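The structure file query-v4.cif is reproduced below (mmCIF, C-alpha atoms and all ligand atoms).
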data_input
#
loop_
_atom_site.group_PDB
_atom_site.id
_atom_site.type_symbol
_atom_site.label_atom_id
_atom_site.label_comp_id
_atom_site.auth_asym_id
_atom_site.auth_seq_id
_atom_site.Cartn_x
_atom_site.Cartn_y
_atom_site.Cartn_z
ATOM 1 C CA MET A 1 -8.434 -126.080 -198.220
ATOM 2 C CA PRO A 2 -6.087 -124.401 -195.742
ATOM 3 C CA HIS A 3 -5.734 -120.643 -195.729
ATOM 4 C CA CYS A 4 -2.378 -118.994 -196.395
ATOM 5 C CA LEU A 5 -0.531 -118.274 -193.150
ATOM 6 C CA CYS A 6 0.498 -114.772 -194.278
ATOM 7 C CA GLY A 7 -2.990 -113.493 -193.499
ATOM 8 C CA CYS A 8 -4.008 -112.650 -197.065
ATOM 9 C CA GLY A 9 -7.103 -114.837 -196.747
ATOM 10 C CA GLU A 10 -6.417 -116.898 -199.882
ATOM 11 C CA GLU A 11 -6.811 -120.664 -199.893
ATOM 12 C CA THR A 12 -3.721 -122.679 -200.744
ATOM 13 C CA ALA A 13 -3.632 -125.861 -202.790
ATOM 14 C CA GLY A 14 -2.717 -127.740 -199.605
ATOM 15 C CA GLY A 15 0.464 -126.020 -198.494
ATOM 16 C CA GLN A 16 0.925 -123.408 -195.803
ATOM 17 C CA PHE A 17 1.407 -120.455 -198.176
ATOM 18 C CA MET A 18 0.410 -119.147 -201.560
ATOM 19 C CA PRO A 19 3.430 -118.973 -203.899
ATOM 20 C CA GLY A 20 5.793 -116.225 -202.688
ATOM 21 C CA HIS A 21 3.759 -115.452 -199.553
ATOM 22 C CA ASP A 22 6.213 -117.287 -197.322
ATOM 23 C CA GLN A 23 8.691 -114.489 -198.052
ATOM 24 C CA ARG A 24 6.052 -111.874 -197.167
ATOM 25 C CA TYR A 25 5.365 -113.725 -193.907
ATOM 26 C CA ARG A 26 9.094 -113.842 -193.108
ATOM 27 C CA THR A 27 9.540 -110.130 -193.832
ATOM 28 C CA ASP A 28 6.452 -109.184 -191.798
ATOM 29 C CA THR A 29 7.779 -111.256 -188.886
ATOM 30 C CA GLU A 30 11.165 -109.539 -189.069
ATOM 31 C CA ASN A 31 9.518 -106.123 -189.176
ATOM 32 C CA MET A 32 7.414 -106.966 -186.097
ATOM 33 C CA VAL A 33 10.581 -107.135 -183.993
ATOM 34 C CA GLY A 34 12.735 -104.524 -185.721
ATOM 35 C CA GLY A 35 14.482 -106.483 -188.466
ATOM 36 C CA ALA A 36 16.294 -109.726 -189.199
ATOM 37 C CA GLN A 37 19.075 -109.071 -186.698
ATOM 38 C CA ALA A 38 16.612 -108.510 -183.829
ATOM 39 C CA LEU A 39 14.651 -111.624 -184.795
ATOM 40 C CA ARG A 40 17.843 -113.681 -184.874
ATOM 41 C CA ARG A 41 18.843 -112.376 -181.445
ATOM 42 C CA LEU A 42 15.403 -113.213 -180.007
ATOM 43 C CA VAL A 43 15.665 -116.765 -181.316
ATOM 44 C CA GLU A 44 19.225 -117.166 -180.051
ATOM 45 C CA GLU A 45 18.234 -115.907 -176.598
ATOM 46 C CA ALA A 46 15.152 -118.175 -176.541
ATOM 47 C CA LEU A 47 17.382 -121.148 -177.334
ATOM 48 C CA ARG A 48 19.818 -120.074 -174.601
ATOM 49 C CA TYR A 49 16.889 -119.964 -172.163
ATOM 50 C CA GLN A 50 15.652 -123.357 -173.376
ATOM 51 C CA ARG A 51 19.088 -124.875 -172.693
ATOM 52 C CA GLY A 52 18.970 -123.495 -169.150
ATOM 53 C CA GLU A 53 21.753 -120.979 -169.800
ATOM 54 C CA ALA A 54 19.606 -117.961 -168.843
ATOM 55 C CA SER A 55 17.100 -117.397 -166.044
ATOM 56 C CA VAL A 56 13.536 -116.248 -166.670
ATOM 57 C CA SER A 57 14.545 -112.831 -165.353
ATOM 58 C CA ASP A 58 17.584 -112.617 -167.646
ATOM 59 C CA PHE A 59 15.544 -113.760 -170.636
ATOM 60 C CA SER A 60 12.800 -111.254 -169.860
ATOM 61 C CA ASP A 61 15.316 -108.411 -169.599
ATOM 62 C CA ILE A 62 16.942 -109.394 -172.887
ATOM 63 C CA VAL A 63 13.598 -109.627 -174.699
ATOM 64 C CA ARG A 64 12.647 -106.176 -173.419
ATOM 65 C CA SER A 65 16.008 -104.727 -174.432
ATOM 66 C CA ILE A 66 15.518 -106.059 -177.954
ATOM 67 C CA LEU A 67 11.854 -105.060 -178.393
ATOM 68 C CA ILE A 68 11.370 -101.884 -176.363
ATOM 69 C CA PRO A 69 13.647 -99.701 -178.510
ATOM 70 C CA THR A 70 11.454 -100.625 -181.491
ATOM 71 C CA PHE A 71 8.069 -100.513 -179.730
ATOM 72 C CA PRO A 72 8.115 -97.990 -176.863
HETATM 73 ZN ZN ZN A 101 -0.877 -115.194 -198.279
#
Just give me the structure of the file as structure tokens.
Ligand SMILES: [Zn+2]
Amino acid sequence: MPHCLCGCGEETAGGQFMPGHDQRYRTDTENMVGGAQALRRLVEEALRYQRGEASVSDFSDIVRSILIPTFP
């Protein structure tokens, strides 16, 4: 059986998460980057980079500007 992706160590009945643990995983992920707004901005900037609308340098600077204030 697969283990829950949240890191709790429990085995699922075949899915990716134990019931309700997908929300825990989502919240933990948001907290890793400083909240839902920061996570959204990271994803939006990654998509902009993927579409070729930002250089590696620009993307790197943006990622640092989003994450460094949270994790000095
Ligand atoms: Zn779990």
I'd like a table as CSV: residues in chain A with an atom no more than 8 Å from ligand ZN 101 (chain A), each row giving the shortest atom pair and its distance in Å to one decimal, only C-alpha atoms and all ligand atoms counted, sorted by chain and rising residue number.
residue,atom,partner,partner_atom,distance
A:His3,CA,A:ZN101,ZN,7.7
A:Cys4,CA,A:ZN101,ZN,4.5
A:Leu5,CA,A:ZN101,ZN,6.0
A:Cys6,CA,A:ZN101,ZN,4.3
A:Gly7,CA,A:ZN101,ZN,5.5
A:Cys8,CA,A:ZN101,ZN,4.2
A:Gly9,CA,A:ZN101,ZN,6.4
A:Glu10,CA,A:ZN101,ZN,6.0
A:Phe17,CA,A:ZN101,ZN,5.7
A:Met18,CA,A:ZN101,ZN,5.3
A:His21,CA,A:ZN101,ZN,4.8
A:Asp22,CA,A:ZN101,ZN,7.5
A:Arg24,CA,A:ZN101,ZN,7.8
A:Tyr25,CA,A:ZN101,ZN,7.8
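The coordinates place atom CA of A:Ala13 at 29.3 Å from atom CA of A:Leu39.
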Stretch 11-28 of chain A: axis-aligned bounding box, 6 Å on each side, centre and edge lengths in Å, one decimal, as lines of an AutoDock Vina configuration file:
center_x = 1.4
center_y = -118.5
center_z = -197.8
size_x = 28.4
size_y = 30.6
size_z = 24.1
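Distances from A:Ala38, A:Gln16, A:Gln23, A:Glu45 to A:Asp61 were compared using all atoms listed in the file, and the smallest one belongs to A:Glu45.
The two atoms in question, atom CA of A:Arg26 and atom CA of A:Arg51, are spaced 25.3 Å apart.
The space separating atom CA of A:Gln37 from atom CA of A:Leu67 comes to 11.7 Å.
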Residues within 9 Å of stretch 62-65 of chain A, all atoms listed in the file, excluding chain neighbours under 2 positions, as an mmCIF file with C-alpha atoms, in the coordinates of the input:
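Contents of around.cif, freshly written:
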data_model
loop_
_atom_site.group_PDB
_atom_site.id
_atom_site.type_symbol
_atom_site.label_atom_id
_atom_site.label_comp_id
_atom_site.auth_asym_id
_atom_site.auth_seq_id
_atom_site.Cartn_x
_atom_site.Cartn_y
_atom_site.Cartn_z
ATOM 1 C CA ARG A 41 18.843 -112.376 -181.445
ATOM 2 C CA LEU A 42 15.403 -113.213 -180.007
ATOM 3 C CA GLU A 45 18.234 -115.907 -176.598
ATOM 4 C CA ALA A 46 15.152 -118.175 -176.541
ATOM 5 C CA SER A 57 14.545 -112.831 -165.353
ATOM 6 C CA ASP A 58 17.584 -112.617 -167.646
ATOM 7 C CA PHE A 59 15.544 -113.760 -170.636
ATOM 8 C CA SER A 60 12.800 -111.254 -169.860
ATOM 9 C CA LEU A 67 11.854 -105.060 -178.393
ATOM 10 C CA ILE A 68 11.370 -101.884 -176.363
ATOM 11 C CA PRO A 69 13.647 -99.701 -178.510
#
Using all atoms listed in the file, which residue out of A:Gly20, A:Met1, A:Ile66, A:Thr12 lies closest to A:Gly34?
A:Ile66
Please export stretch 40-68 of chain A as a CSV table (one decimal), in the first residue's frame, restricted to N, CA and C atoms.
chain,number,residue,atom,x,y,z
A,40,ARG,N,1.1,31.1,-4.6
A,40,ARG,CA,0.5,31.4,-5.8
A,40,ARG,C,1.4,32.2,-6.7
A,41,ARG,N,2.1,33.2,-6.1
A,41,ARG,CA,3.1,34.0,-6.9
A,41,ARG,C,4.2,33.2,-7.4
A,42,LEU,N,4.7,32.2,-6.6
A,42,LEU,CA,5.8,31.3,-7.1
A,42,LEU,C,5.3,30.5,-8.3
A,43,VAL,N,4.1,30.0,-8.2
A,43,VAL,CA,3.5,29.2,-9.4
A,43,VAL,C,3.3,30.1,-10.6
A,44,GLU,N,2.8,31.3,-10.4
A,44,GLU,CA,2.6,32.2,-11.5
A,44,GLU,C,3.9,32.5,-12.2
A,45,GLU,N,4.9,32.8,-11.4
A,45,GLU,CA,6.2,33.2,-12.0
A,45,GLU,C,6.8,32.0,-12.7
A,46,ALA,N,6.7,30.8,-12.1
A,46,ALA,CA,7.2,29.6,-12.8
A,46,ALA,C,6.5,29.4,-14.1
A,47,LEU,N,5.2,29.6,-14.2
A,47,LEU,CA,4.5,29.5,-15.4
A,47,LEU,C,5.0,30.5,-16.4
A,48,ARG,N,5.2,31.7,-15.9
A,48,ARG,CA,5.7,32.8,-16.8
A,48,ARG,C,7.1,32.4,-17.4
A,49,TYR,N,7.9,31.8,-16.6
A,49,TYR,CA,9.2,31.4,-17.0
A,49,TYR,C,9.1,30.2,-18.0
A,50,GLN,N,8.2,29.3,-17.7
A,50,GLN,CA,7.9,28.2,-18.7
A,50,GLN,C,7.5,28.7,-20.0
A,51,ARG,N,6.7,29.7,-20.1
A,51,ARG,CA,6.2,30.3,-21.3
A,51,ARG,C,7.3,31.1,-22.1
A,52,GLY,N,8.4,31.3,-21.4
A,52,GLY,CA,9.5,32.0,-22.0
A,52,GLY,C,9.3,33.5,-21.8
A,53,GLU,N,8.5,33.9,-20.9
A,53,GLU,CA,8.3,35.4,-20.6
A,53,GLU,C,9.2,36.0,-19.6
A,54,ALA,N,10.1,35.1,-19.0
A,54,ALA,CA,11.0,35.6,-18.0
A,54,ALA,C,12.3,34.8,-18.2
A,55,SER,N,13.5,35.5,-18.1
A,55,SER,CA,14.8,34.8,-18.2
A,55,SER,C,15.1,34.1,-16.9
A,56,VAL,N,16.1,33.2,-17.0
A,56,VAL,CA,16.5,32.5,-15.8
A,56,VAL,C,16.9,33.5,-14.7
A,57,SER,N,17.6,34.5,-15.1
A,57,SER,CA,18.0,35.5,-14.1
A,57,SER,C,16.8,36.2,-13.5
A,58,ASP,N,15.9,36.6,-14.3
A,58,ASP,CA,14.7,37.3,-13.8
A,58,ASP,C,13.9,36.3,-12.8
A,59,PHE,N,13.7,35.1,-13.2
A,59,PHE,CA,13.0,34.1,-12.4
A,59,PHE,C,13.7,33.9,-11.1
A,60,SER,N,15.0,33.8,-11.2
A,60,SER,CA,15.8,33.6,-9.9
A,60,SER,C,15.6,34.7,-9.0
A,61,ASP,N,15.7,35.9,-9.5
A,61,ASP,CA,15.5,37.1,-8.7
A,61,ASP,C,14.2,37.2,-8.0
A,62,ILE,N,13.1,36.8,-8.8
A,62,ILE,CA,11.8,36.8,-8.3
A,62,ILE,C,11.6,35.8,-7.2
A,63,VAL,N,12.1,34.6,-7.5
A,63,VAL,CA,12.0,33.5,-6.4
A,63,VAL,C,12.7,34.0,-5.1
A,64,ARG,N,13.9,34.5,-5.3
A,64,ARG,CA,14.6,35.0,-4.1
A,64,ARG,C,13.8,36.1,-3.4
A,65,SER,N,13.2,37.0,-4.1
A,65,SER,CA,12.4,38.1,-3.5
A,65,SER,C,11.2,37.6,-2.8
A,66,ILE,N,10.6,36.5,-3.2
A,66,ILE,CA,9.5,35.9,-2.6
A,66,ILE,C,9.9,35.1,-1.3
A,67,LEU,N,11.0,34.3,-1.4
A,67,LEU,CA,11.4,33.4,-0.3
A,67,LEU,C,12.3,34.0,0.7
A,68,ILE,N,13.2,34.9,0.3
A,68,ILE,CA,14.2,35.4,1.3
A,68,ILE,C,13.5,36.2,2.4
